[in-house]
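For reference, my_file-v8.txt (compact mmCIF, C-alpha atoms):
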```
# COMPACT_ATOMS: atom_id res chain seq x y z
CA MET A 1 32.51 56.12 197.56
CA GLU A 2 34.26 58.44 195.09
CA LYS A 3 35.38 58.14 191.48
CA ASN A 4 39.02 56.95 191.04
CA GLU A 5 39.14 55.28 194.48
CA GLU A 6 40.76 51.85 194.48
CA TYR A 7 39.63 48.76 196.38
CA ILE A 8 40.60 45.10 196.68
CA VAL A 9 37.45 43.02 196.13
CA THR A 10 36.18 39.46 195.59
CA CYS A 11 33.49 38.83 192.96
CA ILE A 12 30.29 37.33 194.43
CA ASP A 13 27.99 37.22 191.38
CA ASP A 14 27.70 38.24 187.72
CA THR A 15 25.26 39.78 185.24
CA ASP A 16 24.14 38.52 181.83
CA LEU A 17 26.13 41.35 180.23
CA ASN A 18 29.52 40.09 181.46
CA SER A 19 30.01 42.19 184.57
CA GLY A 20 31.14 40.75 187.87
CA VAL A 21 29.27 41.92 190.97
CA VAL A 22 31.11 43.02 194.13
CA LYS A 23 29.95 44.77 197.30
CA ILE A 24 31.80 47.59 199.04
CA ASP A 25 30.13 48.83 202.25
CA ASP A 26 26.74 47.60 200.99
CA MET A 27 27.23 49.42 197.67
CA VAL A 28 26.93 47.16 194.62
CA VAL A 29 29.73 47.67 192.09
CA PHE A 30 29.66 46.21 188.56
CA VAL A 31 33.08 45.26 187.13
CA PRO A 32 33.33 44.09 183.48
CA ASN A 33 35.22 40.82 182.82
CA LEU A 34 35.49 39.86 186.51
CA LEU A 35 34.53 36.23 187.16
CA ILE A 36 32.82 34.84 190.25
CA GLY A 37 35.36 34.01 192.96
CA GLU A 38 38.13 36.18 191.52
CA LYS A 39 40.02 38.61 193.72
CA ALA A 40 41.14 41.85 192.09
CA LYS A 41 42.19 45.42 192.66
CA ILE A 42 39.61 47.69 191.00
CA LYS A 43 39.23 51.41 190.33
CA ILE A 44 35.86 53.13 190.57
CA VAL A 45 35.01 54.89 187.31
CA LYS A 46 31.39 55.96 187.92
CA VAL A 47 29.22 56.33 191.03
CA ASN A 48 25.43 56.42 190.98
CA LYS A 49 23.04 56.72 193.90
CA LYS A 50 22.55 52.99 194.48
CA TYR A 51 25.38 51.35 192.55
CA ALA A 52 28.76 52.04 190.93
CA PHE A 53 31.01 50.83 188.13
CA GLY A 54 34.63 49.79 188.35
CA ILE A 55 37.42 48.41 186.18
CA ILE A 56 40.06 45.81 186.96
CA THR A 57 43.48 47.35 187.53
CA GLN A 58 45.14 44.18 188.80
CA LEU A 59 43.88 40.60 188.86
CA LEU A 60 45.14 39.10 192.14
CA GLU A 61 43.54 35.65 192.17
CA PRO A 62 42.22 34.49 188.75
CA SER A 63 39.51 31.88 188.42
CA ILE A 64 40.20 28.40 187.05
CA ASN A 65 37.49 29.23 184.50
CA ARG A 66 39.52 32.09 183.02
CA GLN A 67 41.60 31.62 179.87
CA GLU A 68 44.29 33.71 178.19
CA LEU A 69 43.09 35.99 175.40
CA THR A 70 44.34 34.82 172.00
CA CYS A 71 43.01 37.78 170.01
CA GLU A 72 45.31 40.81 169.82
CA VAL A 73 42.39 43.28 169.90
CA ALA A 74 40.05 41.45 172.30
CA LYS A 75 40.38 44.15 174.97
CA THR A 76 39.68 47.05 172.61
CA CYS A 77 37.27 45.62 170.03
CA GLY A 78 34.50 44.53 172.40
CA GLY A 79 32.95 42.11 169.89
CA CYS A 80 33.80 38.94 171.83
CA GLN A 81 32.64 39.81 175.34
CA LEU A 82 33.28 36.31 176.77
CA GLN A 83 36.62 35.40 175.21
CA HIS A 84 38.29 35.45 178.64
CA MET A 85 36.06 32.54 179.77
CA LYS A 86 36.83 28.91 178.98
CA TYR A 87 34.16 27.66 176.58
CA ALA A 88 32.59 25.15 178.98
CA TYR A 89 32.19 27.99 181.48
CA GLN A 90 30.69 30.25 178.80
CA LEU A 91 27.96 27.64 178.30
CA ASP A 92 27.36 27.33 182.05
CA TYR A 93 27.25 31.12 182.34
CA LYS A 94 24.71 31.50 179.53
CA TYR A 95 22.60 28.62 180.82
CA LYS A 96 22.46 30.09 184.32
CA HIS A 97 21.24 33.46 183.07
CA VAL A 98 18.72 32.08 180.58
CA LYS A 99 17.32 29.79 183.27
CA LYS A 100 16.68 32.81 185.52
CA LEU A 101 14.37 34.22 182.85
CA PHE A 102 12.22 31.08 182.68
CA GLU A 103 11.74 30.09 186.32
CA ASP A 104 8.53 28.08 185.78
CA ILE A 105 9.53 26.58 182.42
CA GLU A 106 11.85 23.67 181.69
CA VAL A 107 15.11 24.91 180.16
CA LYS A 108 16.94 22.10 178.40
CA PRO A 109 20.79 21.88 178.47
CA ILE A 110 22.40 24.41 176.12
CA LEU A 111 23.70 23.04 172.80
CA GLY A 112 27.22 24.33 172.17
CA MET A 113 29.84 23.88 169.43
CA ASP A 114 32.71 21.40 169.27
CA SER A 115 34.95 24.17 167.95
CA PRO A 116 33.66 27.63 168.97
CA TRP A 117 36.06 29.67 166.77
CA TYR A 118 36.17 30.88 163.15
CA TYR A 119 32.48 30.17 162.58
CA ARG A 120 30.91 33.40 161.25
CA ASN A 121 29.94 33.48 157.56
CA LYS A 122 29.49 37.27 157.34
CA ALA A 123 31.52 40.33 158.32
CA GLN A 124 31.07 44.08 157.90
CA PHE A 125 34.31 46.01 158.24
CA PRO A 126 34.19 49.82 158.64
CA VAL A 127 36.70 51.75 156.50
CA LYS A 128 38.27 55.07 157.50
CA ILE A 129 41.27 57.19 156.59
CA LYS A 130 43.26 58.55 159.53
CA ASP A 131 46.69 60.21 159.55
CA GLY A 132 47.18 59.33 155.89
CA LYS A 133 46.51 55.61 156.42
CA VAL A 134 43.57 53.36 155.64
CA GLN A 135 41.96 51.82 158.72
CA MET A 136 39.88 48.65 158.50
CA GLY A 137 38.60 46.49 161.33
CA PHE A 138 35.76 46.82 163.83
CA TYR A 139 34.26 49.66 165.81
CA ARG A 140 35.48 50.04 169.36
CA GLN A 141 32.65 49.39 171.81
CA HIS A 142 30.38 52.46 172.26
CA SER A 143 32.41 54.48 169.76
CA ASN A 144 33.03 55.20 166.07
CA ASP A 145 36.78 54.62 166.40
CA VAL A 146 38.04 51.79 164.18
CA VAL A 147 40.10 49.09 165.88
CA THR A 148 42.39 47.68 163.18
CA CYS A 149 43.26 43.99 163.19
CA LYS A 150 44.84 41.32 161.01
CA GLU A 151 42.11 38.75 161.57
CA CYS A 152 39.02 38.03 163.66
CA LYS A 153 38.92 34.83 165.74
CA ILE A 154 35.20 34.26 165.12
CA GLN A 155 35.08 35.05 161.37
CA ASP A 156 35.71 32.05 159.16
CA PHE A 157 39.15 31.54 157.64
CA THR A 158 38.12 32.55 154.11
CA ILE A 159 36.65 35.87 155.28
CA ASN A 160 39.88 36.57 157.17
CA GLU A 161 41.89 35.73 154.05
CA ILE A 162 39.84 38.11 151.84
CA PHE A 163 39.99 40.80 154.56
CA GLY A 164 43.79 40.50 154.74
CA PHE A 165 44.09 40.67 150.95
CA ILE A 166 41.97 43.84 150.76
CA GLN A 167 43.99 45.45 153.57
CA LYS A 168 47.17 44.75 151.64
CA HIS A 169 45.95 46.15 148.31
CA ILE A 170 43.54 48.95 149.17
CA THR A 171 44.86 52.48 148.54
CA ILE A 172 43.80 55.80 150.04
CA GLU A 173 42.15 56.70 146.71
CA MET A 174 40.09 53.49 146.85
CA ALA A 175 39.14 54.05 150.49
CA GLU A 176 38.12 57.70 150.09
CA GLY A 177 34.56 56.96 149.03
CA LEU A 178 34.04 53.88 151.21
CA ARG A 179 32.18 53.39 154.51
CA HIS A 180 32.17 49.60 154.89
CA ILE A 181 33.29 46.42 153.18
CA PHE A 182 30.90 43.49 153.56
CA ILE A 183 32.16 39.92 153.01
CA ARG A 184 30.04 36.77 153.01
CA HIS A 185 31.26 33.19 152.57
CA SER A 186 28.68 30.47 151.97
CA SER A 187 28.76 26.81 152.95
CA THR A 188 28.82 26.05 149.20
CA ASP A 189 32.16 27.93 149.16
CA GLU A 190 30.92 30.97 147.23
CA ILE A 191 32.21 34.41 148.23
CA GLN A 192 30.47 37.76 147.99
CA VAL A 193 32.17 41.13 148.48
CA VAL A 194 30.08 44.29 148.81
CA PHE A 195 31.75 47.71 148.81
CA ILE A 196 29.56 50.30 150.54
CA GLY A 197 30.04 54.03 150.05
CA LYS A 198 29.56 57.11 147.86
CA ASN A 199 30.86 55.96 144.49
CA GLU A 200 32.59 53.03 142.82
CA LYS A 201 34.97 54.88 140.49
CA ASN A 202 38.16 53.86 142.35
CA ILE A 203 37.07 50.30 143.16
CA PHE A 204 37.19 48.64 139.73
CA SER A 205 40.90 47.74 139.88
CA LEU A 206 40.51 46.21 143.35
CA SER A 207 37.44 44.27 142.20
CA LYS A 208 39.36 42.89 139.22
CA LEU A 209 42.27 41.92 141.46
CA LEU A 210 39.91 40.12 143.85
CA LYS A 211 38.10 38.07 141.20
CA ASN A 212 41.39 37.16 139.49
CA THR A 213 42.92 36.01 142.80
CA PHE A 214 39.97 34.18 144.36
CA SER A 215 38.22 31.88 141.88
CA ASN A 216 35.27 31.27 144.21
CA ILE A 217 34.25 34.95 144.34
CA THR A 218 30.93 34.87 142.46
CA SER A 219 29.56 38.28 143.44
CA ILE A 220 31.07 41.75 143.76
CA VAL A 221 28.63 44.60 144.36
CA PHE A 222 28.86 48.33 145.02
CA ASN A 223 26.14 49.56 147.36
CA TYR A 224 25.53 53.32 147.34
CA ASN A 225 25.17 54.88 150.79
CA THR A 226 25.43 58.65 151.26
CA ARG A 227 23.39 58.78 154.48
CA ASN A 228 24.58 60.57 157.60
CA ASP A 229 23.53 57.89 160.08
CA ASN A 230 24.76 54.44 161.18
CA VAL A 231 22.66 52.43 158.71
CA ILE A 232 25.17 50.27 156.83
CA LEU A 233 23.39 49.43 153.56
CA GLY A 234 21.87 51.94 151.16
CA ASP A 235 18.89 51.38 148.86
CA THR A 236 20.60 51.23 145.45
CA TYR A 237 23.49 49.16 144.15
CA LYS A 238 25.45 48.14 141.08
CA VAL A 239 26.78 44.65 140.32
CA LEU A 240 30.48 44.92 139.47
CA TYR A 241 31.00 41.19 138.87
CA GLY A 242 28.79 38.09 138.80
CA ASN A 243 25.46 38.28 140.63
CA ASP A 244 23.85 40.21 143.49
CA TYR A 245 23.48 36.93 145.39
CA ILE A 246 25.38 33.80 146.33
CA ILE A 247 24.10 30.24 146.81
CA GLU A 248 23.89 29.06 150.42
CA LYS A 249 22.77 25.75 151.85
CA CYS A 250 20.65 24.83 154.87
CA LEU A 251 19.54 21.31 155.84
CA GLY A 252 19.98 20.07 152.27
CA ASN A 253 18.17 23.00 150.64
CA LYS A 254 19.89 25.53 148.41
CA VAL A 255 19.20 29.17 149.27
CA LYS A 256 19.62 32.02 146.79
CA LEU A 257 20.93 34.65 149.19
CA HIS A 258 20.78 38.30 148.18
CA PHE A 259 23.35 40.48 149.98
CA LYS A 260 20.52 42.35 151.73
CA SER A 261 18.86 39.15 152.92
CA PHE A 262 19.03 37.87 156.49
CA PHE A 263 20.79 34.56 157.06
CA GLN A 264 22.08 33.09 160.32
CA VAL A 265 25.78 33.91 160.81
CA ASN A 266 26.75 30.48 162.20
CA PRO A 267 25.93 27.81 159.57
CA ILE A 268 26.75 24.85 161.83
CA GLN A 269 24.58 26.01 164.72
CA MET A 270 21.86 27.24 162.35
CA GLU A 271 21.20 23.63 161.37
CA VAL A 272 21.20 22.61 165.05
CA LEU A 273 18.69 25.42 165.77
CA TYR A 274 16.33 24.59 162.91
CA ASN A 275 16.49 20.85 163.67
CA GLN A 276 15.45 21.69 167.23
CA ALA A 277 12.52 23.73 165.89
CA ILE A 278 11.41 20.80 163.71
CA LYS A 279 11.88 18.38 166.61
CA ALA A 280 9.72 20.60 168.87
CA ALA A 281 6.93 20.56 166.27
CA ASN A 282 6.91 16.72 166.29
CA LEU A 283 5.54 16.58 162.76
CA SER A 284 3.90 13.43 161.34
CA GLY A 285 3.80 14.60 157.71
CA ASN A 286 0.09 15.48 157.70
CA GLU A 287 0.31 19.01 159.16
CA THR A 288 -0.44 22.39 157.65
CA CYS A 289 2.26 24.79 158.89
CA ILE A 290 2.68 28.55 158.73
CA ASP A 291 6.08 30.27 158.58
CA MET A 292 5.36 33.76 159.94
CA TYR A 293 7.78 36.63 159.22
CA ALA A 294 9.37 34.19 156.79
CA GLY A 295 12.14 36.26 155.22
CA THR A 296 13.72 34.26 152.39
CA GLY A 297 12.04 31.06 153.58
CA THR A 298 14.87 29.12 155.22
CA ILE A 299 12.82 27.69 158.11
CA GLY A 300 9.74 26.99 156.02
CA MET A 301 11.71 25.07 153.40
CA ALA A 302 13.35 22.94 156.10
CA VAL A 303 9.94 22.24 157.67
CA SER A 304 8.28 21.37 154.33
CA LYS A 305 10.11 18.03 154.12
CA HIS A 306 8.33 16.94 157.31
CA ALA A 307 4.84 18.44 156.79
CA LYS A 308 1.92 18.25 154.39
CA SER A 309 2.16 21.92 153.43
CA VAL A 310 3.87 25.16 154.45
CA ILE A 311 2.67 28.70 153.80
CA GLY A 312 5.21 31.46 154.39
CA VAL A 313 4.07 35.00 155.20
CA GLU A 314 6.31 38.02 154.66
CA ILE A 315 5.59 41.72 154.07
CA VAL A 316 8.78 42.46 152.04
CA LYS A 317 8.06 41.66 148.39
CA GLU A 318 11.71 41.09 147.44
CA ALA A 319 12.06 38.50 150.23
CA VAL A 320 8.86 36.74 149.08
CA ASP A 321 10.10 36.60 145.47
CA ASN A 322 13.42 35.29 146.76
CA ALA A 323 11.68 32.64 148.90
CA ASN A 324 9.51 31.40 146.03
CA ASP A 325 12.58 31.21 143.77
CA ASN A 326 14.21 29.09 146.48
CA THR A 327 11.27 26.66 146.67
CA LYS A 328 11.37 26.19 142.88
CA MET A 329 15.13 25.68 142.92
CA ASN A 330 14.68 22.93 145.54
CA HIS A 331 11.56 21.38 143.91
CA LEU A 332 9.50 21.91 147.07
CA TYR A 333 5.96 21.87 145.71
CA ASN A 334 4.23 21.83 149.11
CA CYS A 335 5.78 25.14 150.19
CA HIS A 336 4.92 28.63 148.95
CA TYR A 337 5.25 32.22 150.18
CA ILE A 338 2.83 35.13 150.01
CA CYS A 339 3.40 38.86 150.41
CA GLN A 340 0.90 40.02 153.00
CA ASP A 341 0.69 41.83 156.30
CA ALA A 342 0.62 39.30 159.17
CA THR A 343 -2.59 40.78 160.63
CA ASP A 344 -4.46 40.54 157.33
CA PHE A 345 -3.19 37.00 156.76
CA ALA A 346 -4.26 35.90 160.26
CA HIS A 347 -7.80 37.21 159.79
CA ASP A 348 -8.07 35.71 156.31
CA HIS A 349 -7.11 32.26 157.66
CA LYS A 350 -8.73 32.29 161.10
CA ASP A 351 -11.24 29.61 160.09
CA ASP A 352 -8.64 27.32 158.47
CA LYS A 353 -7.17 24.29 160.25
CA ILE A 354 -3.61 25.33 161.11
CA ASP A 355 -1.52 22.74 162.97
CA VAL A 356 1.79 24.50 163.66
CA ILE A 357 2.99 28.10 163.36
CA PHE A 358 6.74 28.84 163.27
CA ILE A 359 7.81 32.33 164.35
CA ASP A 360 11.31 33.85 164.13
CA PRO A 361 10.99 37.57 164.95
CA PRO A 362 13.81 40.16 165.22
CA ARG A 363 15.56 40.94 168.53
CA LYS A 364 12.79 43.23 169.73
CA GLY A 365 10.46 40.22 169.76
CA MET A 366 6.74 40.40 169.01
CA THR A 367 4.15 43.06 169.69
CA GLU A 368 1.01 42.13 171.58
CA ASN A 369 -0.94 42.67 168.35
CA GLY A 370 1.43 40.27 166.59
CA ILE A 371 0.78 37.67 169.29
CA LYS A 372 -3.00 38.21 168.97
CA ASP A 373 -2.68 37.76 165.19
CA THR A 374 -0.84 34.47 165.68
CA ILE A 375 -3.40 32.98 168.04
CA THR A 376 -6.28 34.18 165.85
CA MET A 377 -5.48 31.12 163.69
CA GLN A 378 -5.73 28.82 166.76
CA PRO A 379 -2.81 26.50 165.91
CA ASP A 380 -2.25 23.37 167.99
CA LYS A 381 1.41 24.35 168.48
CA ILE A 382 3.57 27.45 168.13
CA ILE A 383 7.34 27.11 167.69
CA TYR A 384 9.03 30.37 168.64
CA VAL A 385 12.67 30.83 167.53
CA SER A 386 14.27 33.75 169.38
CA CYS A 387 17.62 35.53 169.31
CA ASN A 388 16.80 37.48 172.49
CA PRO A 389 15.89 35.45 175.62
CA LYS A 390 14.62 38.59 177.40
CA THR A 391 11.99 39.44 174.79
CA LEU A 392 11.16 35.73 174.49
CA SER A 393 10.46 35.59 178.24
CA ARG A 394 8.22 38.65 177.96
CA ASP A 395 6.33 37.26 174.97
CA LEU A 396 5.79 33.82 176.52
CA LYS A 397 3.93 35.47 179.42
CA ILE A 398 1.61 37.22 176.93
CA PHE A 399 1.04 33.99 174.99
CA LYS A 400 0.09 32.27 178.27
CA ASN A 401 -2.50 34.97 178.97
CA TYR A 402 -4.05 34.13 175.60
CA GLY A 403 -4.12 30.37 176.17
CA TYR A 404 -0.73 29.04 175.03
CA GLN A 405 1.61 27.38 177.54
CA CYS A 406 5.35 26.97 176.93
CA GLU A 407 6.41 23.34 177.41
CA TYR A 408 10.15 23.96 177.28
CA VAL A 409 12.92 26.26 176.06
CA GLN A 410 15.96 24.87 174.19
CA PRO A 411 18.99 27.23 174.16
CA VAL A 412 21.47 26.99 171.26
CA ASP A 413 24.84 28.75 171.42
CA MET A 414 24.80 30.44 168.02
CA PHE A 415 27.19 33.26 168.98
CA CYS A 416 30.17 31.67 170.73
CA GLN A 417 32.55 34.02 172.61
CA THR A 418 29.75 36.60 172.89
CA THR A 419 26.79 37.11 175.22
CA GLY A 420 24.35 36.30 172.39
CA LEU A 421 22.11 33.23 172.48
CA GLU A 422 19.33 31.66 170.37
CA CYS A 423 16.42 29.69 171.85
CA VAL A 424 13.62 27.49 170.58
CA ALA A 425 10.40 27.56 172.64
CA LYS A 426 7.60 25.02 172.20
CA LEU A 427 4.12 26.38 172.96
CA VAL A 428 0.94 24.30 173.08
CA LYS A 429 -2.70 25.29 173.38
CA ILE A 430 -4.01 25.07 176.94
CA VAL A 431 -7.03 22.77 176.87
```

Could you render the structure from this file as structure tokens?
Amino acid sequence: MEKNEEYIVTCIDDTDLNSGVVKIDDMVVFVPNLLIGEKAKIKIVKVNKKYAFGIITQLLEPSINRQELTCEVAKTCGGCQLQHMKYAYQLDYKYKHVKKLFEDIEVKPILGMDSPWYYRNKAQFPVKIKDGKVQMGFYRQHSNDVVTCKECKIQDFTINEIFGFIQKHITIEMAEGLRHIFIRHSSTDEIQVVFIGKNEKNIFSLSKLLKNTFSNITSIVFNYNTRNDNVILGDTYKVLYGNDYIIEKCLGNKVKLHFKSFFQVNPIQMEVLYNQAIKAANLSGNETCIDMYAGTGTIGMAVSKHAKSVIGVEIVKEAVDNANDNTKMNHLYNCHYICQDATDFAHDHKDDKIDVIFIDPPRKGMTENGIKDTITMQPDKIIYVSCNPKTLSRDLKIFKNYGYQCEYVQPVDMFCQTTGLECVAKLVKIV
């Protein structure tokens, strides 16, 4: 097999990263966006020793599970990897691949959305100047080229409206010092705009125009970033209008959300996810719960209405201050947050009676030391919320070695049109 050769193939399988699998003379070839059962003409673009990669040049027999792309930049942006699949098939596809990771564990049916479009509450648009024009949009996959667009089909309508307004009014002078524009829209209908770049001197007129046009903009911030890497936010900032936060809402609780703070990007599915975590804990109201790696306290506050007490643990002081402000704002007197390293906290509380520990780590999952710290407190149950099924699968095996068995995994489709997926896993102590 040689590069640039063409073949007519039929897809026999797929991967969890949206590539169809075909075989040519016993050589496996991965073809992005090809669905199982589809017949296509493909061109080989890369050949390795045991496998190759191809691209579709002509789709000869499309699947009934394929749908027409409605986004004008879907093929070049790369943000919505599954937009060519009908939504019901997207759910089947994700379920199949997550089930493969948990062969000996019950995987409950995936919980999807009624309307899987225009759901994201946060966007970060790169800004560049090219050929005398301002470019705003998204990075092309595996590149720093900006794909310009009028709207994004998975950002909410208000973010698209603000994005379109900025595109219309931004000048080259304004864009010269910018790297990104960050827009967040809360479920309480507050809007935050963060300009990110070298200096704010040319942004004041645009800021004034924004706040005079959109009455629900309550925060405009300039974040200084002069780094030479891909990190989006810098360390220092200046408030140009309003506050450095907006008010969000989750399961009836208000959340004071700083622009640097983490918050789930799909507010509808976030509540589904956290309700599943609470359901897995099966709380009676008498439990002492720990919210590990607590961030600004969203999960812990939701849990506190169903438990005797909640202690949140977080190493970032600003997040802890933010979380405690949130508990006061919501009059949650059985919930408080402390700034401490997880290892130190675990050893300090190893003799306490802990009923349930909630864990929501980043994509890389937990370290083995982190898992050891968790089980040092010997909780009856551990509820693990994960945004990466692969690291969840790895970590569940380690937990089992230390005496905690996973009862079930509940997938939640938080990131519709993409390959992303959230899961809740219920772990219990092996007697």

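Straight-line separation from CA of Val29 in chain A to CA of Phe53 in chain A: 5.2 Å.
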
- Counting only C-alpha atoms, which residues come within 9 Å of (36.0, 51.3, 164.9), with the point read in the file's coordinates, and could you list them as a VMD selection string? chain A and resid 77 125 to 128 135 to 141 143 to 148

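Atom pair CA of Cys289 in chain A / CA of Ile110 in chain A has a distance of 26.5 Å (rounded to one decimal).
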
- What separation in Å, quoted to one decimal, exists between CA of Cys387 in chain A and CA of Glu422 in chain A? 4.4 Å

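For Tyr274 in chain A, the non-local neighbours within 9 Å, defined as residues at least 5 positions apart in the same chain or in other chains and counting all atoms listed in the file, are Leu251, Gln269, Lys279, Ile299, Ala302, Val303, Val385 and Val424 of chain A.
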
Expected file contents, prior selection, C-alpha atoms, as a PDB file, keeping the file's coordinate frame:
```
ATOM      1  CA  LEU A 251      19.540  21.310 155.840  1.00  0.00           C
ATOM      2  CA  GLN A 269      24.580  26.010 164.720  1.00  0.00           C
ATOM      3  CA  LYS A 279      11.880  18.380 166.610  1.00  0.00           C
ATOM      4  CA  ILE A 299      12.820  27.690 158.110  1.00  0.00           C
ATOM      5  CA  ALA A 302      13.350  22.940 156.100  1.00  0.00           C
ATOM      6  CA  VAL A 303       9.940  22.240 157.670  1.00  0.00           C
ATOM      7  CA  VAL A 385      12.670  30.830 167.530  1.00  0.00           C
ATOM      8  CA  VAL A 424      13.620  27.490 170.580  1.00  0.00           C
TER       9      VAL A 424
END
```

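Take the candidates A:Gly295, A:Gln417, A:Lys238, A:Cys339 and check each one against Gln67 in chain A using all atoms listed in the file; the shortest distance goes to A:Gln417.
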
Centre, x/y/z edge lengths, axis-aligned box for range 258-266 of chain A with 4 Å per side, as JSON:
```
{"center_x": 22.8, "center_y": 36.4, "center_z": 155.2, "size_x": 15.9, "size_y": 19.9, "size_z": 22.0}
```

- Nearest-residue call for Cys416 in chain A, choices A:Gln192, A:Gln90, A:Asn388, A:Gln124, using only C-alpha atoms: A:Gln90

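Distance check against Asp321 in chain A using only C-alpha atoms: of A:Met414, A:Ile375, A:Val194, A:Leu257, the minimum falls on A:Leu257.
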
Give me the residues near Pro389 in chain A as a PDB file with C-alpha atoms, in the frame of the given file, where near means some atom within 9 Å (using all atoms listed in the file) and where sequence neighbours in that chain fewer than 6 positions away do not count.
```pdb
ATOM      1  CA  VAL A  98      18.720  32.080 180.580  1.00  0.00           C
ATOM      2  CA  LEU A 101      14.370  34.220 182.850  1.00  0.00           C
ATOM      3  CA  ARG A 363      15.560  40.940 168.530  1.00  0.00           C
ATOM      4  CA  PRO A 411      18.990  27.230 174.160  1.00  0.00           C
ATOM      5  CA  LEU A 421      22.110  33.230 172.480  1.00  0.00           C
ATOM      6  CA  GLU A 422      19.330  31.660 170.370  1.00  0.00           C
ATOM      7  CA  CYS A 423      16.420  29.690 171.850  1.00  0.00           C
TER       8      CYS A 423
END
```

- Item | Nearest candidate to Phe263 in chain A (options A:Gly37, A:Pro109, A:Gly297, A:Gly234; using only C-alpha atoms) | A:Gly297

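Nearest-residue note for Ile170 in chain A: choosing from A:Ile191, A:Met301, A:Val239, A:Leu210, the minimum distance belongs to A:Leu210, counting all atoms listed in the file.
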
- Using all atoms listed in the file, the residue out of A:Ser63, A:Asn48, A:Asn18, A:Ser304 with shortest distance to Gln83 in chain A is A:Asn18

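Near Glu38 in chain A, within a cut-off of 12 Å and counting all atoms listed in the file, sit the residues Ile8, Val9, Thr10, Cys11, Ile12, Asp13, Asp14, Gly20, Val21, Val22, Val31, Ile56, Gln58, Leu59, Leu60, Glu61, Pro62, Ser63, Ile64, Asn65 and Arg66 of chain A, with same-chain residues fewer than 6 positions away left out.
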